[in-house]
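Working notes for the structure below.
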Amino acid sequence: MFPVVRVVVMFSLAGGALCAQAPAPAAAGPTAEQVMLRKIYSEALGRGAAHDNLRALVTQAPGRLSGSKALERAVVWAEQTLTDLKLDRVAKQEVKVPHWTRGTAESVKLLPPSGSAGNSSSLTAVALGNSVPGDVTAEVVKVGSLAELEKLGRAVAGKIVFFDRAMNPEHIATGRAYGEAGEGRNRGPAAAAQLGAVGALTRSLTLAKDDVPHTGATAYAPGQPNIPAAALSYLAADRLVAALAEKPRLRVALRVNSRWFNPATSHNVIGEIRGTEFPEQIILVGGHLDSWDTTPGAHDDGAGVVQSIEVLRIFRALGIAPRHTVRCVLFTNEENGTAGAAAYAAAAKEAKEKHLFAVESDNGGFQPRSFSLGSTQGEAHVRATRWLPLFEPYGVMAFTKGTGGADVAPLMLQGATVAGLTADSQRYFDYHHAATDTIETVHPRELHLGAAALAALIWLVDTQGL
């Protein structure tokens with residue numbers, strides 16, 4: 001059998017003569033926007049300084065809690081690092097910040113029921129930020145939520161309330177799980193105190209099944225009773241749950257040695273490149289300098305600090321002269337008060353400054369995935385989707401609706417569009433507010449990709465508007 005050969009003959013519509021198929025048009029070259037983003041990413045990935053800056057920050061100033069000498073050193077470091085970029089302006093803005101210290105190490109001990117034989121054992125824990133001091137021993141009552149506590153009412157009087165609400169592992173966005181489970185840490189001790197409890201314990205807000213406790217702020221109601229509060233590590237919380245299942249009237253000895261001082265002086269640190277066409281209009285990029293006292297604060301928020309500085313370095317390195325003023329603000333006191341954000345917003349309002357756009361990086365130094373945007377002038381995240389084809393090659397896949405970071409959110413009320421850089425969140429809460437938040441957990445490439453994403457977005461807002 002002979003193979004079948006097909007011959008395709010093309011005729012012209014005019015006279016039926018044979019004609020050659022027209023060649024495909026040449027592919028269009030890259031757009032000006034694509035070229036610039038490629039330059040920004042090449043500069044960040046090939047010559048980025050963010051990781052070196054992060055190492056310097058966490059080495060010189062770990063544990064940068066408001067009121068600490070470490071935060072003062074961080075302010076000095078930040079001012080010098082921005083000055084070295086030869087910017088148009090570098091300044092410090094004085095801010096009064098709360099000054100809380102944990103004192104000597106806190107302790108949580110598991111005791112046998114009153115009158116029973118047995119030995120005590122320690123549970124790995126860390127005092128919650130802003131906790132009052134106290135040394136109490138009492139039976140433990142376990143609750144899964146504030147609603148469950150409310151149902152128990154005065155039955156918790158004289159006892160230690162254990163808020164055992166874990167982050168929901170079924171949520172893909174771990175920030176959602178963190179927000180849901182955070183009620184026990186944020187408001188639980190105050191609620192328990194009003195019902196007569198003498199102490200509070202919470203399960204650390206983490207998905208890592210380890211013995212590392214995670215701190216974080218708690219807030220008491222003004223004029224209401226205050227009680228000492230601490231967070232247990234994931235494994236310590238599991239131990240307490242198992243022990244209570246075996247002996248429901250188990251006791252815990254809780255000691256917190258914290259102390260409050262008068263407000264301290266700190267500073268927001270500011271550096272800027274002045275705009276060539278609209279210098280009075282500001283595009284802001286920022287992070288927060290402070291961290292909890294128990295952690296080097298590499299992801300939270302050393303990463304956001306050095307990424308914000310890197311945006312200005314990239315603009316200088318590429319010779320980008322922005323149309324609007326591009327300002328880097330390194331805020332103080334985000335962790336236990338947001339006094340830096342309040343002071344900056346108040347000063348901006350008094351000076352009648354016009355902030356067009358303000359983006360914060362405070363979600364860790366992992367691979368950037370998206371931006372969340374919020375505005376009082378319509379759906380900014382929808383308008384930004386026109387830039388998705390530019391970002392998708394670099395792994396930024398979405399613009400979503402949000403309110404920006406805690407430090408830039410107040411500027412939205414003054415008319416600015418605000419934004420937050422969202423990084424891959426799967427491992428973030430392994431380290432968040434914990435001693436394990438070290439430079440070793442931050443990959444240079446991921447950190448620099450985040451800086452490039454910020455610089456690219458700011459360049460687009462500057463040149464095209466939002």
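We label chains A, B, ... in the order they appear in the structure tokens, count residues from 1 in each chain, and number ligands from 1 in the order shown.
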
List the neighbours of Pro133 of chain A out to 12 Å using only C-alpha atoms; skip same-chain residues closer than 2 positions along the sequence, and give me the result as a VMD selection string.
-> chain A and resid 100 to 107 127 to 131 135 to 136 198 to 200 226 to 230 254 to 260

Pick out the residues sitting within 12 Å of Gly286 of chain A, and hand them over as a PyMOL selection string; count only C-alpha atoms, and ignore anything fewer than 5 positions along from it in its own chain.
-> chain A and resi 268-272+301-312+326-332+334+340-341+344+357-362+404-409+418-421+451+454-455+458

Quick one: DSSP strand (DSSP E) residues in segment 151-204 of chain A, as JSON, numbers by chain?
-> {"A": [160, 161, 162, 163, 199, 200, 201, 202, 203]}

Within 12 Å of segment 174-194 of chain A: each segment 308-419 of chain A residue with its shortest pair, only C-alpha atoms, as a tab-separated table:
residue	atom	partner	partner_atom	distance
A:Asn336	CA	A:Asn186	CA	11.1
A:Asp362	CA	A:Gly175	CA	11.8
A:Asn363	CA	A:Gly175	CA	9.1
A:Gly364	CA	A:Gly175	CA	11.6

Using only C-alpha atoms, I'd like a table of the residues in segment 305-352 of chain A that come within 8 Å of segment 276-279 of chain A; for each, show the closest atom pair and its distance in Å rounded to one decimal, ordered by chain and ascending number, as JSON lines.
{"residue": "A:Ala321", "atom": "CA", "partner": "A:Thr276", "partner_atom": "CA", "distance": 6.7}
{"residue": "A:Pro322", "atom": "CA", "partner": "A:Thr276", "partner_atom": "CA", "distance": 6.3}
{"residue": "A:Arg323", "atom": "CA", "partner": "A:Thr276", "partner_atom": "CA", "distance": 4.8}
{"residue": "A:His324", "atom": "CA", "partner": "A:Phe278", "partner_atom": "CA", "distance": 4.8}
{"residue": "A:Thr325", "atom": "CA", "partner": "A:Pro279", "partner_atom": "CA", "distance": 5.0}

Would you mind listing what lies within 12 Å of Leu318 of chain A as JSON, numbers by chain, with only C-alpha atoms counted and same-chain residues fewer than 3 positions away left out?
-> {"A": [36, 37, 38, 39, 40, 41, 42, 43, 44, 47, 311, 312, 313, 314, 315, 321, 322, 455, 459]}

Secondary structure check, helix (DSSP H, G or I) residues of segment 68-290 of chain A, as a ChimeraX atom specification = /A:69-83,146-156,174-181,183-186,188-194,234-246

Of the candidates A:Phe163, A:Trp77, A:Phe429, A:Trp387, which shows the shortest atom-to-atom distance to Phe366 of chain A, using only C-alpha atoms?
->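 Nearest candidate to Phe366 of chain A out of A:Phe163, A:Trp77, A:Phe429, A:Trp387: A:Phe429.
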
Go ahead and compute the interatomic distance for atom CA of Ala346 of chain A and atom CA of Leu413 of chain A, in Å to one decimal.
->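 Computing the Euclidean distance for atom CA of Ala346 of chain A and atom CA of Leu413 of chain A yields 11.3 Å.
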
Considering only C-alpha atoms, return as a PyMOL selection string whatever protein or nucleic-acid residues lie within 12 Å of Pro389 of chain A, sequence-local ones (same chain, fewer than 5 positions apart) excluded.
-> chain A and resi 31+33-34+37+384+394-399

Which polymer residues have any atom within 6 Å of an atom of segment 52-61 of chain A, counting only C-alpha atoms, with same-chain residues fewer than 5 positions away left out, as a ChimeraX atom specification?
-> /A:70,74,296

Only N, CA, C and O atoms, please: the residues just picked out, written as a compact mmCIF listing (two decimals), in the first residue's frame.
# COMPACT_ATOMS: atom_id res chain seq x y z
N ALA A 70 17.86 48.96 71.90
CA ALA A 70 17.95 48.35 70.57
C ALA A 70 17.21 49.17 69.53
O ALA A 70 17.69 49.36 68.40
N ALA A 74 18.60 51.06 66.16
CA ALA A 74 17.98 50.87 64.85
C ALA A 74 17.69 52.20 64.18
O ALA A 74 17.86 52.35 62.96
N PRO A 296 14.90 38.68 66.87
CA PRO A 296 15.69 39.57 66.00
C PRO A 296 14.82 40.38 65.05
O PRO A 296 15.25 41.41 64.54

Find the residues near Asp437 of chain A: any atom within 8 Å, counting only C-alpha atoms, skip ones fewer than 4 places away on the same chain, and give them as a PyMOL selection string.
-> chain A and resi 295-300+431-433+441

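We find atom CA of Ser114 of chain A and atom CA of Arg251 of chain A to be spaced 7.4 Å apart.
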